[in-house]
Amino acid sequence: MEQLFQQAINGISLGSIYALIALGYTMVYGIIKLINFAHSDVYMLGAYIGYVCMTKLKLGFLPSLLISMALCTLIGVLIEKIAYKPLRNATRIAVLITAIGVSLFLEYTTMAIAGANVRTYPPLTGFMNMSFEIGSVSITMMQIIIVSVTIVLMVLLQFIVKKTRIGKAMRAVSLDSDAAELMGINVNTTISFTFALGSALAGAAGIMVGNYYNSINPLMGMLPGLKAFVAAVFGGIGIIPGAMIGGYFIGIVEVLVSGYGNSMYRDGVVFAILILVLIIKPTGLLGKNTREKV
Amino acid sequence: GAETAGANEIGIGINYELSGEVASYGQVSVYGIELAIEEINAAGGINGKLIKPFKYDNKSDKSQATTLAKKLMTQHKVVAVLGPATSGAFKATIPEAIKNKVVVVSGSATDDAVTVDENGVKEYAFRICFTDSYQGTAMADFASNNMKATKAVVLLDNGSDYAKGLAANFTKKFEANGGQVAATEAFVAGDTDFNAILTKIKNQEFDVIFLAGYYAEAGLIIKQARSQGINTPILGPDGFGAPELVELAGADAVNDVYYTSHFSELDQDPSVAAFVEKYKAKYGEVPNQFAALGYDLMMFVADGIKRAGTTDTVKIKEALEATTNYNGVTGSFSIDENHNPVKAVVIVEMQNGQAVSSQRVEQ
Amino acid sequence: MGNKAKSNLAIKIILLAATFVIIQLLIFLDVINDYLQATMATICINIILAVSLNLITGFTGQFSLGHAGFMSIGAYTCALITLRNPTLPGFIIGVFAGAVMAALIGGIVGLPTLRLRGDYLAIATLGMSEIIRIVFLNLDSITNGAAGLQDIPQFTNWIWLFIFTTGTVLVISNFIKSSHGRACISVREDEIAAEAMGINSTRYKVIAFIIGSFFAGIAGALYASTFNFIDPKIFGFSKSIDVLVVVVLGGLGSISGSIIAAVLLGIITTYLQAFANIQMILYSVLLIIIMIFRPQGLMGSKEVSLSIFSKLGSIIKPKKGRA
Amino acid sequence: MALLSVNKLTKSFGGLTAVLNVNMEINQGELVGLIGPNGAGKTTVFNLITGMYEPTSGTITLDSNGIKKEIQGLKPYTICNIGLARTFQNIRLFKDLTVLDNVRIAMHKNVKYGLFSSFFHLPSHSREEALLTRKSLELLEILKLDHKKDELARNLPYGEQRHLEIARALATNPVLLLLDEPAAGMNPAETAQLTELISWIRKEFNLTILLIEHDMSLVMKICERIYVLDYGMVIAEGTPEEIKNNKRVIEAYLGEDMSNAGD
Amino acid sequence: MLEIKDINVHFGVIHALKGISFTVNEGEIVTLIGANGAGKTTTLRTISGLKKPTSGSIIFEGKDITHSTAQERVRLGISQAPEGRRVFPSMTVLENLELGAFLRKDKKGIADDLKMVYDHFPILADRKKQAAGTLSGGEQQMLAIGRALMSRPRLLLLDEPSMGLAPLLVQEIFNIIKEINKAGTTILLVEQNASMALQIADRAYVMETGSIVLSGTGEELMQSEDIKKAYLGG
Ligand SMILES: Nc1ncnc2c1ncn2[C@@H]1O[C@H](COP(=O)(O)OP(=O)(O)OP(=O)(O)O)[C@@H](O)[C@H]1O
Ligand SMILES: Nc1ncnc2c1ncn2[C@@H]1O[C@H](COP(=O)(O)OP(=O)(O)OP(=O)(O)O)[C@@H](O)[C@H]1O
Ligand SMILES: [Mg+2]
Ligand SMILES: [Mg+2]
């Protein structure tokens, strides 16, 4: 029983990280229907920026977090302007290939500058290093921080998209950008804003993961990026709470398979469940299956 | 018409993983190699000829490795190819070596079947590191004899043949010694969260953990295990041997950790100290064993060429085969009939993040 | 009408034969050395992969991220057969068994998943190919797990590669130029309208998927036989992405585009090898630049036309009366 | 017995009932109009007949060549293969294909050669392809599109796109043709031409036609019988003359001015 | 109010507008008629900023807006009900209408205009929670017009507003256009239903393959034999 409890905590904290990355994926997807492969590399850059702040500049967690988010926002917007904007009228798959190009570019440029080797964050200190024991079940402060930040950001994003003017603009642009322009919506600003938001999230995720696992490397975005992407699809891509649910789902299934089944089939089981879910609900858990009216 | 080495040069091929999954091993190996080349050329080269390296990135891809080996041998006409770093990719280049009669030499391909298989020794393949079965066996003996362990848990990187070979050899020998493997759990390179498998083994009884994998994951596993309160000794292979292991795990967590090593930067040997100094000066960081093996690799091949006294590739092969008591920063060794080094394995003990003792286990 | 088709066919055959003879001659004269031959092998395999994925994604409009999975089935099947039966008939049986196995699995996978749309399908196919890879990774007793299979007998050479590559291209382009092929294309264009015109869209998606998997299986078999070894890592997600890049770069819905892109990328990667440390950076920048300036791919959805050659042909040939 | 009989057909979307207890009979060879205010449920009736939607209740029976069959809930392609073809209110051509290919695709159901033949272009393939292309060109000629056969569908002006939709539907060799607002977006001159065309086609292909249209000049001129739908229900049925003078129809749909249009 | 000067528009190699010039005065209803593919829609899209002209200039209330973005033009008071309706399919009717008022901040005014739209098209009020994509063709048309009105434009561009509408509503829509015009909105109307359009228009232009070939008052054009033959079906 206690073990189950501990595994649940393991699953939730792992899932939070997937969810955090998945939120950014889903945001961008929701507006320009682009699977932004470079998103997980912005996350990686966030981790590196945090690393520089905390080890080289000896800044604390909070200022580093803010710097990382700010710089990632800038990077995200820049990527959008340089690589995606010229492709506004191209097919989605063309933009996808560009995104893969951007992803490779970020990975290997980082590798050329910082080396391929892992880098380590400084050990956590003080408040951040606390952990709580209940029986034999333990929870660390970092786990609590990650879970709470994820939930807060999810709620905030959902609020922005559903309730604010810019959120409405985002939805309009995603449905029909020409018609959105006719409403007086500035399509470019709206898309930039989405990238800014998504990239800020990625930056936050990067520095938190850096602190949590304290291991970062230039290819660190690949695996969690793929899983976050799966998480976003699982929950219904483009739907913010869906990304969150998908992230937690994958985290928990992984932990359960490793903890109670055969760890060698962990990823296989995740994908098998994903496919089953999609067969039953073809647009993901929260996706609405609206058949086009003819 | 690709470029070849000039009359007063010796072409050496460098075929390493500079990008892709295991780029971190390849890049650091090449750092070591390039340091060695710099030194050799500064000292006037080999038999008066300077080394001309041809460096390629095989992207951690086996078929690229084969293609590049072919390119180095047939286009650039090199006299020897260094690398790749990992066993799989290195093995993929051996057919080319045999076909073109040019040696391929690896510093870190530890898989047993690299230089020899049921058809006998692979004529043009050499390595300067000990084998997986040797280190797996050595660790099993260490667990049974020195630590008096009877129950072990094995954790392995399931996607790596290196880790799987190590785990199999450890298990075989440990059970032959009368021990019992209580559980075997797997992870995948690139994972960062191992809490699930650690929570799972936590409730079992065992005396040691054998962790077959590289430092990148091992460091995190040690950290997460210790923070979950798993305090049993952790044994590992040469893949632990990097300063990052301690950085990743945090010095407090690295207690009762033992691993087999090719090289320790704490070695008192003056040649090691000199190497560490030079390396630090050039790259600004402490060399790990890949760097040391890369450095030794180049030096070893240079030594062979020097003794061969020619750039005839068959003669070079014969000279390498005849190597005895070669002194490198990773220890002194001779090449046996299977083109493997007869080399001592060092078992390093870590406490509080420091290497506190090392034991030499002769082969 | 019939005459034109026949003369086109004749021109095609002459062109193919000429290509074959020239390359064979160059190999004989050692102008194309071992190294270039290896590069050519990679290019041929990539052509087969790209053309077959183009059928699924470019022509039928089904976004698949799982091509590497089907390739791996062909590779393992052929490798296991030739390891046990290292003869030429063994190799030929291996290639076809690999293709059939891949097609079979393709069909089984396709039936339930092809009702998914767009990115959901992409993820499902990605998941399938990952599952296939994990199975190969864990079936130690048959596949030798992570270490993979070594010393696979090498039967492929330029002649075999040429036969299989041109065979694939011909069969798939013939298919596209048939009513069944047009049915696939109509599914891409507008599934609802296609159904209203009497086309069973699910059936044609599955057919495209099965044919595509079949040829991916052939590519895998050739890979195994060319490079002598395989392991599960080779057939990961990034392999599927690599193939997709070739298809999009060449142009979705253009077979000649896929061929040109495969050749071009083969040449580019060879040149980039000279820049060991930064080759991936250069490659990525190139990719971005090409996509920005040519988002529809090199060929769009057009094909290189044979009409230039027909014109040449009619000039050279003395004009006969039309039948 | 009618060619098509619709019996107590009902379709609800959540709380909204778009079609309610609709009964309709279309006889072999008739040209019937379906009119009604916007949102009355006309397109929905088409969607139900052609299998795009499954009815909430009711039956649709097709009685063609002595074979009687209930077709509600069947897949669209099955229904098309039985002999029902349609055009779409919001044009749905294969936009990036040529005019000729649009028609050839619709001929697919007549193709007999198999996959194997398509891989190797066996004689059966070449023979049938030639025939199919010839027939397609004939159809295009009838709809005055033959000079644009190699043009992409998306580059055709609106009116020609509507023509192509009709050509494509005809290519499936239907017994019953359903046209959804074929004259939308056409000016009166073009509409007049279209009116001619439809009645000509009907004779030439021996077709039964059911059409939705808001342009009364067309409806009143060529329809033999008209059904009027309002709020999902049939509120009137009769000859154009009867419908024109039906008070309910005038009130709900035609308006005073319009009731004397078309003559 | 609006002055189009020698506008040229290309789609790749297609020369869609060949140097057209015309004016719309404050308070007028001006209509553009012409055959399929003549360039009417392209003209409207150029005015609203969705399509950039290759040369020429557009002056709105004395200000050169040739290089302004679509957004700036909406702000200046140009609003368009586009061809093909272009409603936001998965948003509700109400959300679509609210987006029409995206740039406005006056809550009260917006509420009034919403009521005005519902008064004109009562069915939209019934369907305000329904996803716009599931509306019938005619309902979507009403929504598109209503949405354009929600920005309270000074110049309203209507692209075939009567398309797909029931006869009764066709009458109604032209009445509404007149009403809106009376209330102070200038209107540029593209119509296939030429006779109705000419009836309510102050002035009209006839387009053919990218050029303006004829212009005059509505009355005048109604009488022209050529026009009758080509566009009025008589
Ligand atoms: N998929 C759907 N979901 C919800 N409501 C729908 C759906 N399809 C149609 N409706 C509603 O059903 C009613 C009938 O729509 P339909 O398209 O059949 O009208 P119509 O008679 O063709 O009108 P029009 O002449 O304007 O095209 C409309 O009010 C529409 O909003
Ligand atoms: N996006 C586009 N790409 C290429 N050509 C286009 C595009 N849009 C319009 N055209 C071409 O420009 C010309 C004018 O088209 P436009 O849509 O303006 O005509 P229209 O007068 O509105 O016709 P309709 O009455 O059919 O709506 C046509 O020849 C059309 O084919
Ligand atoms: Mg309708
Ligand atoms: Mg128009």
# chains A, B, ... in the order shown; residues from 1 in each chain; ligands from 1

$ interface_residues --of "chain B" --to "chain A" --cutoff "8 Å" --atoms "only C-alpha atoms" --output "VMD selection string"
chain B and resid 19 21 23 to 25 27 158 185 to 187 190 to 193 195 to 197 199 to 200 216 220 228 244 247 to 248 250

$ residues_near_ligand --ligand "ligand 1" --cutoff "9 Å" --atoms "only C-alpha atoms and all ligand atoms" --output "ChimeraX atom specification"
/A:290-294 /D:11-19,35-47,53,89,180-181,212-214,229-232 /E:123,127,130-141,164-166

$ write_last_selection --atoms "C-alpha atoms" --output "JSON list (two decimals), in the first residue's frame"
[["chain", "number", "residue", "atom", "x", "y", "z"],
["A", 290, "THR", "CA", -17.25, 16.78, -34.88],
["A", 291, "ARG", "CA", -17.99, 15.50, -38.30],
["A", 292, "GLU", "CA", -17.81, 18.24, -40.82],
["A", 293, "LYS", "CA", -21.20, 19.48, -42.02],
["A", 294, "VAL", "CA", -21.58, 19.25, -45.77],
["D", 11, "LYS", "CA", -33.09, 13.74, -37.78],
["D", 12, "SER", "CA", -32.21, 15.51, -34.55],
["D", 13, "PHE", "CA", -28.95, 17.15, -33.60],
["D", 14, "GLY", "CA", -28.96, 17.20, -29.84],
["D", 15, "GLY", "CA", -31.96, 19.32, -28.98],
["D", 16, "LEU", "CA", -32.53, 20.55, -32.50],
["D", 17, "THR", "CA", -34.78, 18.58, -34.83],
["D", 18, "ALA", "CA", -33.70, 19.48, -38.33],
["D", 19, "VAL", "CA", -35.97, 17.04, -40.14],
["D", 35, "ILE", "CA", -37.58, 24.19, -51.47],
["D", 36, "GLY", "CA", -38.02, 25.93, -48.18],
["D", 37, "PRO", "CA", -36.63, 28.69, -46.01],
["D", 38, "ASN", "CA", -33.02, 28.75, -44.87],
["D", 39, "GLY", "CA", -32.43, 26.16, -42.23],
["D", 40, "ALA", "CA", -35.60, 24.27, -43.11],
["D", 41, "GLY", "CA", -33.68, 21.01, -43.39],
["D", 42, "LYS", "CA", -33.32, 20.57, -47.15],
["D", 43, "THR", "CA", -29.61, 19.85, -47.17],
["D", 44, "THR", "CA", -30.09, 17.60, -44.19],
["D", 45, "VAL", "CA", -32.59, 15.54, -46.18],
["D", 46, "PHE", "CA", -29.96, 15.19, -48.90],
["D", 47, "ASN", "CA", -27.38, 14.21, -46.34],
["D", 53, "TYR", "CA", -25.91, 11.30, -41.72],
["D", 89, "GLN", "CA", -24.15, 23.17, -51.68],
["D", 180, "ASP", "CA", -28.09, 21.11, -53.98],
["D", 181, "GLU", "CA", -28.50, 24.72, -55.09],
["D", 212, "ILE", "CA", -32.82, 22.09, -53.96],
["D", 213, "GLU", "CA", -32.83, 25.65, -55.20],
["D", 214, "HIS", "CA", -33.74, 29.12, -54.02],
["D", 229, "LEU", "CA", -40.05, 22.11, -46.21],
["D", 230, "ASP", "CA", -40.34, 24.39, -43.22],
["D", 231, "TYR", "CA", -38.91, 23.74, -39.78],
["D", 232, "GLY", "CA", -38.05, 20.25, -40.91],
["E", 123, "ILE", "CA", -32.98, 32.93, -36.46],
["E", 127, "ARG", "CA", -29.18, 29.66, -32.67],
["E", 130, "GLN", "CA", -24.97, 26.63, -31.89],
["E", 131, "ALA", "CA", -21.57, 26.07, -33.52],
["E", 132, "ALA", "CA", -21.49, 28.25, -36.59],
["E", 133, "GLY", "CA", -20.15, 25.44, -38.76],
["E", 134, "THR", "CA", -23.33, 23.44, -38.33],
["E", 135, "LEU", "CA", -25.64, 26.22, -39.48],
["E", 136, "SER", "CA", -27.36, 25.84, -42.81],
["E", 137, "GLY", "CA", -25.90, 27.67, -45.78],
["E", 138, "GLY", "CA", -28.34, 30.55, -45.56],
["E", 139, "GLU", "CA", -27.97, 30.88, -41.81],
["E", 140, "GLN", "CA", -24.23, 31.16, -42.20],
["E", 141, "GLN", "CA", -24.74, 33.88, -44.77],
["E", 164, "GLY", "CA", -28.11, 30.94, -50.90],
["E", 165, "LEU", "CA", -30.86, 32.93, -49.28],
["E", 166, "ALA", "CA", -34.52, 32.06, -49.63]]

$ interface_residues --of "chain E" --to "chain D" --cutoff "9 Å" --atoms "only C-alpha atoms" --output "short mmCIF file (atom, residue, chain, number, x, y, z; two decimals) with all heavy atoms, in the first residue's frame"
data_model
loop_
_atom_site.label_atom_id
_atom_site.label_comp_id
_atom_site.auth_asym_id
_atom_site.auth_seq_id
_atom_site.Cartn_x
_atom_site.Cartn_y
_atom_site.Cartn_z
N GLY E 34 -20.77 41.71 -62.60
CA GLY E 34 -19.89 41.14 -63.61
C GLY E 34 -19.94 39.63 -63.55
O GLY E 34 -20.38 39.06 -62.56
N ALA E 35 -19.47 39.02 -64.62
CA ALA E 35 -19.56 37.56 -64.72
C ALA E 35 -18.64 36.88 -63.71
O ALA E 35 -17.85 37.53 -63.03
CB ALA E 35 -19.20 37.13 -66.13
N ASN E 36 -18.75 35.59 -63.67
CA ASN E 36 -17.87 34.79 -62.83
C ASN E 36 -16.42 35.02 -63.18
O ASN E 36 -16.06 34.99 -64.36
CB ASN E 36 -18.18 33.31 -63.01
CG ASN E 36 -19.38 32.89 -62.21
OD1 ASN E 36 -19.39 33.03 -61.00
ND2 ASN E 36 -20.40 32.43 -62.89
N GLY E 37 -15.62 35.23 -62.18
CA GLY E 37 -14.20 35.37 -62.42
C GLY E 37 -13.79 36.73 -62.94
O GLY E 37 -12.65 36.93 -63.35
N ALA E 38 -14.70 37.70 -62.90
CA ALA E 38 -14.37 39.01 -63.44
C ALA E 38 -13.39 39.75 -62.54
O ALA E 38 -12.66 40.62 -62.99
CB ALA E 38 -15.65 39.83 -63.59
N GLY E 84 -18.10 33.25 -49.56
CA GLY E 84 -17.97 31.94 -48.92
C GLY E 84 -18.17 32.01 -47.41
O GLY E 84 -17.84 31.08 -46.69
N ILE E 123 -33.43 34.31 -36.59
CA ILE E 123 -32.98 32.93 -36.46
C ILE E 123 -31.63 32.85 -35.76
O ILE E 123 -31.32 31.89 -35.06
CB ILE E 123 -32.93 32.23 -37.84
CG1 ILE E 123 -32.73 30.73 -37.66
CG2 ILE E 123 -31.81 32.75 -38.71
CD1 ILE E 123 -33.57 29.89 -38.54
N LEU E 135 -24.49 25.48 -38.95
CA LEU E 135 -25.64 26.22 -39.48
C LEU E 135 -25.88 25.85 -40.93
O LEU E 135 -24.98 25.42 -41.64
CB LEU E 135 -25.36 27.73 -39.41
CG LEU E 135 -25.25 28.37 -38.03
CD1 LEU E 135 -24.90 29.84 -38.19
CD2 LEU E 135 -26.55 28.22 -37.25
N SER E 136 -27.09 26.07 -41.39
CA SER E 136 -27.36 25.84 -42.81
C SER E 136 -26.68 26.94 -43.61
O SER E 136 -26.25 27.95 -43.06
CB SER E 136 -28.87 25.87 -43.06
OG SER E 136 -29.31 27.20 -43.22
N GLY E 137 -26.60 26.71 -44.92
CA GLY E 137 -25.90 27.67 -45.78
C GLY E 137 -26.43 29.08 -45.61
O GLY E 137 -25.67 30.03 -45.41
N GLY E 138 -27.74 29.23 -45.67
CA GLY E 138 -28.34 30.55 -45.56
C GLY E 138 -28.12 31.18 -44.20
O GLY E 138 -27.86 32.38 -44.08
N GLU E 139 -28.20 30.36 -43.17
CA GLU E 139 -27.97 30.88 -41.81
C GLU E 139 -26.55 31.41 -41.67
O GLU E 139 -26.32 32.46 -41.05
CB GLU E 139 -28.24 29.77 -40.78
CG GLU E 139 -29.71 29.38 -40.66
CD GLU E 139 -29.92 28.04 -39.94
OE1 GLU E 139 -28.93 27.30 -39.73
OE2 GLU E 139 -31.06 27.72 -39.62
N GLU E 160 -21.66 39.22 -52.49
CA GLU E 160 -22.80 38.36 -52.79
C GLU E 160 -23.63 37.99 -51.56
O GLU E 160 -23.77 36.83 -51.22
CB GLU E 160 -22.32 37.09 -53.51
CG GLU E 160 -21.51 37.44 -54.74
CD GLU E 160 -21.41 36.29 -55.73
OE1 GLU E 160 -22.28 35.41 -55.68
OE2 GLU E 160 -20.48 36.32 -56.54
N SER E 162 -26.72 37.90 -51.08
CA SER E 162 -27.99 37.19 -51.27
C SER E 162 -27.79 35.74 -51.66
O SER E 162 -28.75 35.00 -51.78
CB SER E 162 -28.84 37.89 -52.34
OG SER E 162 -28.33 37.57 -53.61
N MET E 163 -26.55 35.33 -51.84
CA MET E 163 -26.32 33.96 -52.29
C MET E 163 -26.83 32.95 -51.28
O MET E 163 -26.53 33.02 -50.10
CB MET E 163 -24.84 33.72 -52.53
CG MET E 163 -24.56 32.32 -53.01
SD MET E 163 -23.01 32.22 -53.87
CE MET E 163 -22.00 31.46 -52.66
N GLY E 164 -27.63 32.03 -51.76
CA GLY E 164 -28.11 30.94 -50.90
C GLY E 164 -29.25 31.33 -49.98
O GLY E 164 -29.62 30.56 -49.12
N LEU E 165 -29.76 32.54 -50.15
CA LEU E 165 -30.86 32.93 -49.28
C LEU E 165 -32.21 32.64 -49.95
O LEU E 165 -32.35 32.71 -51.17
CB LEU E 165 -30.78 34.42 -48.95
CG LEU E 165 -29.61 34.85 -48.08
CD1 LEU E 165 -29.70 36.34 -47.76
CD2 LEU E 165 -29.54 34.03 -46.79
N ALA E 166 -33.18 32.33 -49.13
CA ALA E 166 -34.52 32.06 -49.63
C ALA E 166 -35.12 33.35 -50.20
O ALA E 166 -34.74 34.45 -49.78
CB ALA E 166 -35.39 31.54 -48.49
N PRO E 167 -36.02 33.23 -51.16
CA PRO E 167 -36.56 34.41 -51.84
C PRO E 167 -37.04 35.50 -50.89
O PRO E 167 -36.72 36.68 -51.08
CB PRO E 167 -37.73 33.84 -52.64
CG PRO E 167 -37.39 32.41 -52.85
CD PRO E 167 -36.58 31.98 -51.68
N LEU E 168 -37.78 35.08 -49.88
CA LEU E 168 -38.28 36.05 -48.92
C LEU E 168 -37.14 36.85 -48.30
O LEU E 168 -37.21 38.06 -48.12
CB LEU E 168 -39.05 35.30 -47.83
CG LEU E 168 -40.10 36.05 -47.06
CD1 LEU E 168 -41.18 36.55 -48.00
CD2 LEU E 168 -40.73 35.13 -46.03
N LEU E 169 -36.09 36.13 -48.00
CA LEU E 169 -34.95 36.75 -47.34
C LEU E 169 -34.14 37.60 -48.31
O LEU E 169 -33.49 38.56 -47.90
CB LEU E 169 -34.06 35.69 -46.74
CG LEU E 169 -34.25 35.51 -45.24
CD1 LEU E 169 -33.61 34.23 -44.78
CD2 LEU E 169 -33.67 36.70 -44.49
N GLN E 171 -35.37 39.48 -50.60
CA GLN E 171 -36.07 40.77 -50.46
C GLN E 171 -35.59 41.49 -49.22
O GLN E 171 -35.17 42.63 -49.25
CB GLN E 171 -37.57 40.48 -50.24
CG GLN E 171 -38.25 39.80 -51.38
CD GLN E 171 -38.83 40.83 -52.29
OE1 GLN E 171 -39.56 41.71 -51.85
NE2 GLN E 171 -38.47 40.76 -53.55
N GLU E 191 -22.79 41.73 -56.39
CA GLU E 191 -23.98 40.88 -56.48
C GLU E 191 -24.07 40.17 -57.82
O GLU E 191 -23.72 40.71 -58.86
CB GLU E 191 -25.26 41.72 -56.28
CG GLU E 191 -25.92 41.55 -54.93
CD GLU E 191 -26.28 40.11 -54.61
OE1 GLU E 191 -26.54 39.31 -55.50
OE2 GLU E 191 -26.27 39.79 -53.39
N GLN E 192 -24.59 38.95 -57.78
CA GLN E 192 -24.98 38.27 -59.01
C GLN E 192 -26.42 38.61 -59.36
O GLN E 192 -26.82 38.63 -60.51
CB GLN E 192 -24.87 36.74 -58.84
CG GLN E 192 -23.47 36.21 -58.70
CD GLN E 192 -22.68 36.34 -59.97
OE1 GLN E 192 -23.17 36.85 -60.98
NE2 GLN E 192 -21.42 35.93 -59.91
N ASN E 193 -27.18 38.88 -58.30
CA ASN E 193 -28.57 39.25 -58.50
C ASN E 193 -28.60 40.72 -58.95
O ASN E 193 -28.94 41.63 -58.20
CB ASN E 193 -29.33 39.07 -57.19
CG ASN E 193 -30.83 39.12 -57.39
OD1 ASN E 193 -31.31 39.71 -58.37
ND2 ASN E 193 -31.56 38.52 -56.47
N ALA E 194 -28.23 40.90 -60.23
CA ALA E 194 -27.93 42.25 -60.70
C ALA E 194 -29.15 43.17 -60.67
O ALA E 194 -29.03 44.35 -60.36
CB ALA E 194 -27.34 42.18 -62.10
N SER E 195 -30.31 42.61 -60.97
CA SER E 195 -31.47 43.51 -61.06
C SER E 195 -31.77 44.11 -59.69
O SER E 195 -32.02 45.31 -59.58
CB SER E 195 -32.67 42.78 -61.63
OG SER E 195 -32.97 41.65 -60.84
N LYS E 228 -28.77 43.98 -69.85
CA LYS E 228 -29.93 43.11 -69.76
C LYS E 228 -29.60 41.73 -70.29
O LYS E 228 -29.91 40.72 -69.67
CB LYS E 228 -31.09 43.69 -70.60
CG LYS E 228 -31.96 44.66 -69.82
CD LYS E 228 -33.19 44.98 -70.65
CE LYS E 228 -33.93 46.18 -70.05
NZ LYS E 228 -34.80 46.81 -71.02
N LYS E 229 -28.94 41.73 -71.43
CA LYS E 229 -28.66 40.46 -72.07
C LYS E 229 -27.64 39.64 -71.25
O LYS E 229 -27.82 38.44 -71.03
CB LYS E 229 -28.12 40.69 -73.48
CG LYS E 229 -28.61 39.61 -74.43
CD LYS E 229 -28.55 40.06 -75.88
CE LYS E 229 -27.47 39.32 -76.62
NZ LYS E 229 -26.87 40.08 -77.69
N ALA E 230 -26.64 40.33 -70.80
CA ALA E 230 -25.54 39.60 -70.17
C ALA E 230 -25.84 39.21 -68.72
O ALA E 230 -25.45 38.15 -68.27
CB ALA E 230 -24.26 40.41 -70.23
N TYR E 231 -26.52 40.08 -67.99
CA TYR E 231 -26.62 39.84 -66.56
C TYR E 231 -28.02 39.70 -66.02
O TYR E 231 -28.23 39.24 -64.92
CB TYR E 231 -25.90 40.95 -65.78
CG TYR E 231 -24.48 41.10 -66.20
CD1 TYR E 231 -24.06 42.21 -66.89
CD2 TYR E 231 -23.55 40.10 -65.91
CE1 TYR E 231 -22.76 42.34 -67.30
CE2 TYR E 231 -22.24 40.22 -66.32
CZ TYR E 231 -21.83 41.35 -67.01
OH TYR E 231 -20.56 41.47 -67.41
N LEU E 232 -28.96 40.16 -66.77
CA LEU E 232 -30.31 40.12 -66.20
C LEU E 232 -31.14 38.98 -66.78
O LEU E 232 -32.27 38.77 -66.40
CB LEU E 232 -31.02 41.45 -66.44
CG LEU E 232 -30.27 42.65 -65.89
CD1 LEU E 232 -31.03 43.94 -66.19
CD2 LEU E 232 -30.04 42.51 -64.40
N GLY E 233 -30.50 38.24 -67.68
CA GLY E 233 -31.17 37.05 -68.21
C GLY E 233 -32.37 37.38 -69.06
O GLY E 233 -33.23 36.55 -69.27
N GLY E 234 -32.43 38.60 -69.59
CA GLY E 234 -33.61 38.92 -70.37
C GLY E 234 -33.31 39.36 -71.76
O GLY E 234 -32.43 39.97 -72.15
#

$ residues_near_ligand --ligand "ligand 4" --cutoff "7 Å" --atoms "only C-alpha atoms and all ligand atoms" --output "number ranges by chain"
E: 37, 39-41, 83, 159

$ residues_around --residues "Ser240 in chain C" --least-positions-apart "2" --cutoff "12 Å" --atoms "only C-alpha atoms" --output "PyMOL selection string"
chain C and resi 46+49-50+53+63-72+122+125-130+216+233-238+242-247
